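To start, the structure itself, in structure tokens.
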Amino acid sequence: MRYIPHTDADRAFMLDAIGVASVDELFATVPASLQLRRALEVPSELGEADLLEHMQELADRNRVGSRTPTFLGAGVYRHYVPSAISQLLLRGELYTAYTPYQPEISQGTLQIMFEFQTMISELLGMAVVNASLYDGSTAMAEAALMGLRLAKKKAPVVVVSQALHPEYRAVTRLYVESGGAQVAEVPYTATGVTDLAAAETALAAGASALIVGYPTFFGTLDDVARARQLCDVHGAILIVVFQEALSFGLLTPPGDLGADIVAGEGQSLGVAQSFGGPHLGLFAVREEHLRQMPGRIAGETVDSRGDRGFVLTMATREQHIRREKATSNICTNQGLMATAATMYMTLLGPDGLARVARACHLRARQLEAAVTALDGYDRWFDAPTFHELVIRTPRPAQAIVDALAARGVAAGVALGQYDPALDHALLLTATELTTAADIDALVAGLAAAAR
């Protein structure tokens, strides 16, 4: 997009039209002490060719993830995305379609939503799935708000595990507390899983819902079945949150373990990392909780001639009904990302998803063995994990990350930025794209950084 500035004549014409002598008069209500009386300290203008050259120089500073040994994760994962997906998404009817208010002209969009819901339902082991949300963090916030609605006679308190993603927790706290309810955080144990004894104490005090991780932020696996038992005893809603949807190609689905609500991030299902977004929020519930679910549902029906067709079966967000009656005023659907995920799951199928998940787990075990063989590096938590693990480092983890960045290796996430107690904790991730050469480069860098 080209920027074409107004001429002096343009500005004079507009000022005359609104009856103002100068641009400064438009800011007369701003106190003089707050007005900048000098030129902005920005570079001078460039011609178009020079500007494009400058932007290319800036772009060349980036390191391309596909060309860099990377062990980053924490909710954004590098998986192989089949080329067919990016090509199919270029079709205009897919990337321009947004809200199918008129089903008679939106059959393709509605069918994609329906198939998406069906596949996610099978993946998570849940009866009902909505047509997607923003991302994992807002999906968790929506789950917390829904848990409060379902437990009407309980205290307006949501118990949240500190083993969950810190950013997910922050978003959830913002929405829950803005609505007048409370978040009660419970710690994780020395093995990196939710302290269910502490959670039980909070539930016994009358909390409405419990949120656990499966997998957690640390890659560990909370005991969802035990959490289900605690919620049954205390009449609370059980919410399971995840960051890595591909883990359910290997793990028992959370619905099979008794979750009332499952929420998390679907980026790993065919959505590129793209500098951190856009992402895809997944949200599923038991059938009896359907009416309190945020968002909307695409359903299958037949038309007047008996032919198969699709409609919005339920739409309880504020754009469709009165705001005060809506189950959510913050959700929207990520239609294009949900379409990409539907294509990905279709192309791989159940067996393909399982193979990718097993490959991720195998690479992580190889990564663990190589790193923990180094002097000064060992597992921080000893609980089982899927494809992420936390490593104890001999120096502050951020210093390790910085040292390896200079060597062209993205060496995971330093956890001290979230909790000073984890200053020597490094979160490493391996996926099916992690190679033996990548692991060798990491190990060499870690060995050098330890000295």
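Chain lettering (A, B, ...) mirrors the order of the structure tokens, residue numbering begins at 1 for each chain separately, and ligand numbering begins at 1 in order of display.
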
For this session: Just the residues within 8 Å of A:Glu432, please, counting only C-alpha atoms, with nothing from its chain fewer than 6 positions along; format it as a list in words.
Result: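 Result of the neighbour search: His79, Tyr80, Val356, Ala357, Ala359, Cys360 and Arg363 of chain A.
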
DSSP on the backbone: which residues in stretch 80-195 of chain A end up as helix (DSSP H, G or I)? Give the answer as a compact mmCIF listing (two decimals) with C-alpha atoms, in the first residue's frame.
```txt
# COMPACT_ATOMS: atom_id res chain seq x y z
CA SER A 83 2.24 -27.39 0.86
CA ALA A 84 -1.30 -28.20 -0.19
CA ILE A 85 -2.62 -26.19 2.76
CA SER A 86 -1.01 -22.88 1.83
CA GLN A 87 -2.08 -23.31 -1.78
CA LEU A 88 -5.69 -24.14 -0.94
CA GLY A 92 -10.61 -16.43 -2.61
CA GLU A 93 -13.74 -18.11 -1.31
CA LEU A 94 -11.73 -19.31 1.70
CA TYR A 95 -9.65 -16.32 2.73
CA PRO A 103 -26.44 -20.25 5.03
CA GLU A 104 -27.86 -20.50 1.52
CA ILE A 105 -24.72 -18.84 0.12
CA GLN A 107 -22.49 -23.82 2.45
CA GLY A 108 -18.77 -24.30 1.88
CA THR A 109 -17.78 -22.24 4.92
CA LEU A 110 -20.38 -23.94 7.10
CA GLN A 111 -19.32 -27.40 6.01
CA ILE A 112 -15.69 -26.62 6.84
CA MET A 113 -16.81 -25.51 10.31
CA PHE A 114 -18.84 -28.68 10.73
CA GLU A 115 -15.96 -30.93 9.68
CA PHE A 116 -13.57 -28.96 11.90
CA GLN A 117 -15.85 -29.45 14.89
CA THR A 118 -16.20 -33.16 14.16
CA MET A 119 -12.44 -33.76 13.93
CA ILE A 120 -11.62 -31.74 17.06
CA SER A 121 -14.37 -33.61 18.90
CA GLU A 122 -12.65 -36.90 18.04
CA LEU A 123 -9.21 -35.51 18.90
CA LEU A 124 -10.25 -34.23 22.34
CA GLY A 136 -5.31 -20.71 23.61
CA SER A 137 -5.16 -17.91 26.17
CA THR A 138 -8.61 -16.50 25.42
CA ALA A 139 -9.99 -20.04 25.16
CA MET A 140 -8.81 -20.62 28.73
CA ALA A 141 -10.39 -17.35 29.83
CA GLU A 142 -13.66 -18.34 28.18
CA ALA A 143 -13.50 -21.72 29.90
CA ALA A 144 -13.06 -20.06 33.28
CA LEU A 145 -16.02 -17.75 32.68
CA MET A 146 -18.13 -20.70 31.55
CA GLY A 147 -17.13 -22.66 34.65
CA LEU A 148 -18.40 -19.82 36.80
CA ARG A 149 -21.72 -19.80 34.92
CA LEU A 150 -22.18 -23.55 35.30
CA PRO A 166 1.91 -17.68 32.61
CA GLU A 167 0.42 -15.68 29.73
CA TYR A 168 -2.72 -17.83 29.69
CA ARG A 169 -3.06 -17.27 33.43
CA ALA A 170 -2.65 -13.51 33.04
CA VAL A 171 -5.35 -13.30 30.37
CA THR A 172 -7.70 -15.47 32.44
CA ARG A 173 -7.15 -13.40 35.56
CA LEU A 174 -7.93 -10.21 33.65
CA TYR A 175 -11.27 -11.49 32.37
CA VAL A 176 -12.34 -13.31 35.53
CA GLU A 177 -11.50 -10.47 37.90
CA SER A 178 -12.95 -7.84 35.56
```

Exercise. Between A:Ser22, A:Thr220, A:Thr70, A:Thr7, which is the closest to A:Phe381 once you count only C-alpha atoms?
Worked result: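 Closest candidate: A:Thr220.
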
For this session: Give me every strand (DSSP E or B) residue in stretch 74-288 of chain A, going by DSSP on the backbone, as number ranges by chain.
Result: A: 128-129, 133, 155-161, 182-186, 188, 194, 207-213, 220, 237-242, 261-265, 281-285

Any chance you could export the current selection's C-alpha atoms as a short mmCIF file (atom, residue, chain, number, x, y, z; two decimals), in the first residue's frame?
```cif
data_model
loop_
_atom_site.label_atom_id
_atom_site.label_comp_id
_atom_site.auth_asym_id
_atom_site.auth_seq_id
_atom_site.Cartn_x
_atom_site.Cartn_y
_atom_site.Cartn_z
CA VAL A 128 -19.43 -30.73 21.45
CA VAL A 129 -16.89 -28.35 19.87
CA LEU A 133 -11.90 -19.00 19.21
CA ALA A 155 -18.32 -19.31 45.29
CA PRO A 156 -17.25 -17.15 42.31
CA VAL A 157 -13.71 -18.50 42.45
CA VAL A 158 -11.72 -20.34 39.78
CA VAL A 159 -8.78 -22.45 40.97
CA VAL A 160 -5.90 -22.16 38.48
CA SER A 161 -2.71 -24.19 38.47
CA GLN A 182 -11.67 -14.34 41.73
CA VAL A 183 -8.75 -16.51 40.64
CA ALA A 184 -7.07 -18.67 43.27
CA GLU A 185 -3.73 -19.98 42.05
CA VAL A 186 -2.30 -23.22 43.42
CA TYR A 188 2.99 -27.06 41.20
CA THR A 194 -0.32 -29.34 39.70
CA ALA A 207 -14.57 -22.77 44.51
CA SER A 208 -16.57 -23.16 41.30
CA ALA A 209 -14.00 -24.68 38.97
CA LEU A 210 -10.51 -26.18 38.73
CA ILE A 211 -8.18 -25.65 35.76
CA VAL A 212 -5.33 -28.11 35.22
CA GLY A 213 -2.87 -28.64 32.36
CA THR A 220 4.35 -32.43 32.10
CA ILE A 237 -16.35 -27.95 37.15
CA LEU A 238 -13.17 -29.52 35.75
CA ILE A 239 -11.42 -27.57 32.99
CA VAL A 240 -8.44 -29.01 31.12
CA VAL A 241 -6.16 -26.61 29.21
CA PHE A 242 -3.40 -27.45 26.72
CA ILE A 261 -14.53 -28.28 29.46
CA VAL A 262 -11.39 -28.55 27.32
CA ALA A 263 -9.69 -25.43 25.97
CA GLY A 264 -6.39 -24.78 24.32
CA GLU A 265 -4.25 -23.85 21.35
CA GLY A 281 -8.43 -21.36 19.97
CA LEU A 282 -10.00 -24.79 20.53
CA PHE A 283 -12.98 -25.21 22.85
CA ALA A 284 -15.01 -28.31 23.69
CA VAL A 285 -17.61 -29.24 26.29
#
```

Near A:Thr191, counting only C-alpha atoms, which residues have an atom at most 12 Å away, once you skip same-chain residues fewer than 3 positions from it, shown as a short mmCIF file (atom, residue, chain, number, x, y, z; two decimals) with C-alpha atoms, in the first residue's frame?
```
data_model
loop_
_atom_site.label_atom_id
_atom_site.label_comp_id
_atom_site.auth_asym_id
_atom_site.auth_seq_id
_atom_site.Cartn_x
_atom_site.Cartn_y
_atom_site.Cartn_z
CA ALA A 163 1.82 -25.09 36.05
CA PRO A 187 1.37 -24.23 43.09
CA TYR A 188 2.99 -27.06 41.20
CA THR A 194 -0.32 -29.34 39.70
CA ASP A 195 -0.39 -29.72 43.48
CA THR A 216 1.19 -28.21 31.26
CA PHE A 218 6.39 -27.39 31.49
CA GLY A 219 5.37 -30.22 29.17
CA THR A 220 4.35 -32.43 32.10
CA LEU A 221 0.99 -34.18 32.39
CA ASP A 222 -1.43 -33.42 35.21
CA ARG A 379 16.13 -32.41 34.22
CA TRP A 380 14.41 -29.82 36.42
CA PHE A 381 11.24 -31.95 36.71
CA ASP A 382 11.18 -35.72 36.50
CA ALA A 383 7.51 -36.17 35.56
CA PRO A 384 6.71 -37.67 32.13
CA THR A 385 6.42 -35.16 29.28
CA LEU A 389 11.06 -30.53 29.02
CA VAL A 390 12.68 -28.16 31.50
#
```

Problem set entry | A:Leu427, A:Ala369, A:Ala449, A:Ala444 ranked by distance to A:Ala399, top pick (using only C-alpha atoms) |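 Residue with the minimum atom-to-atom distance to A:Ala399: A:Ala449.
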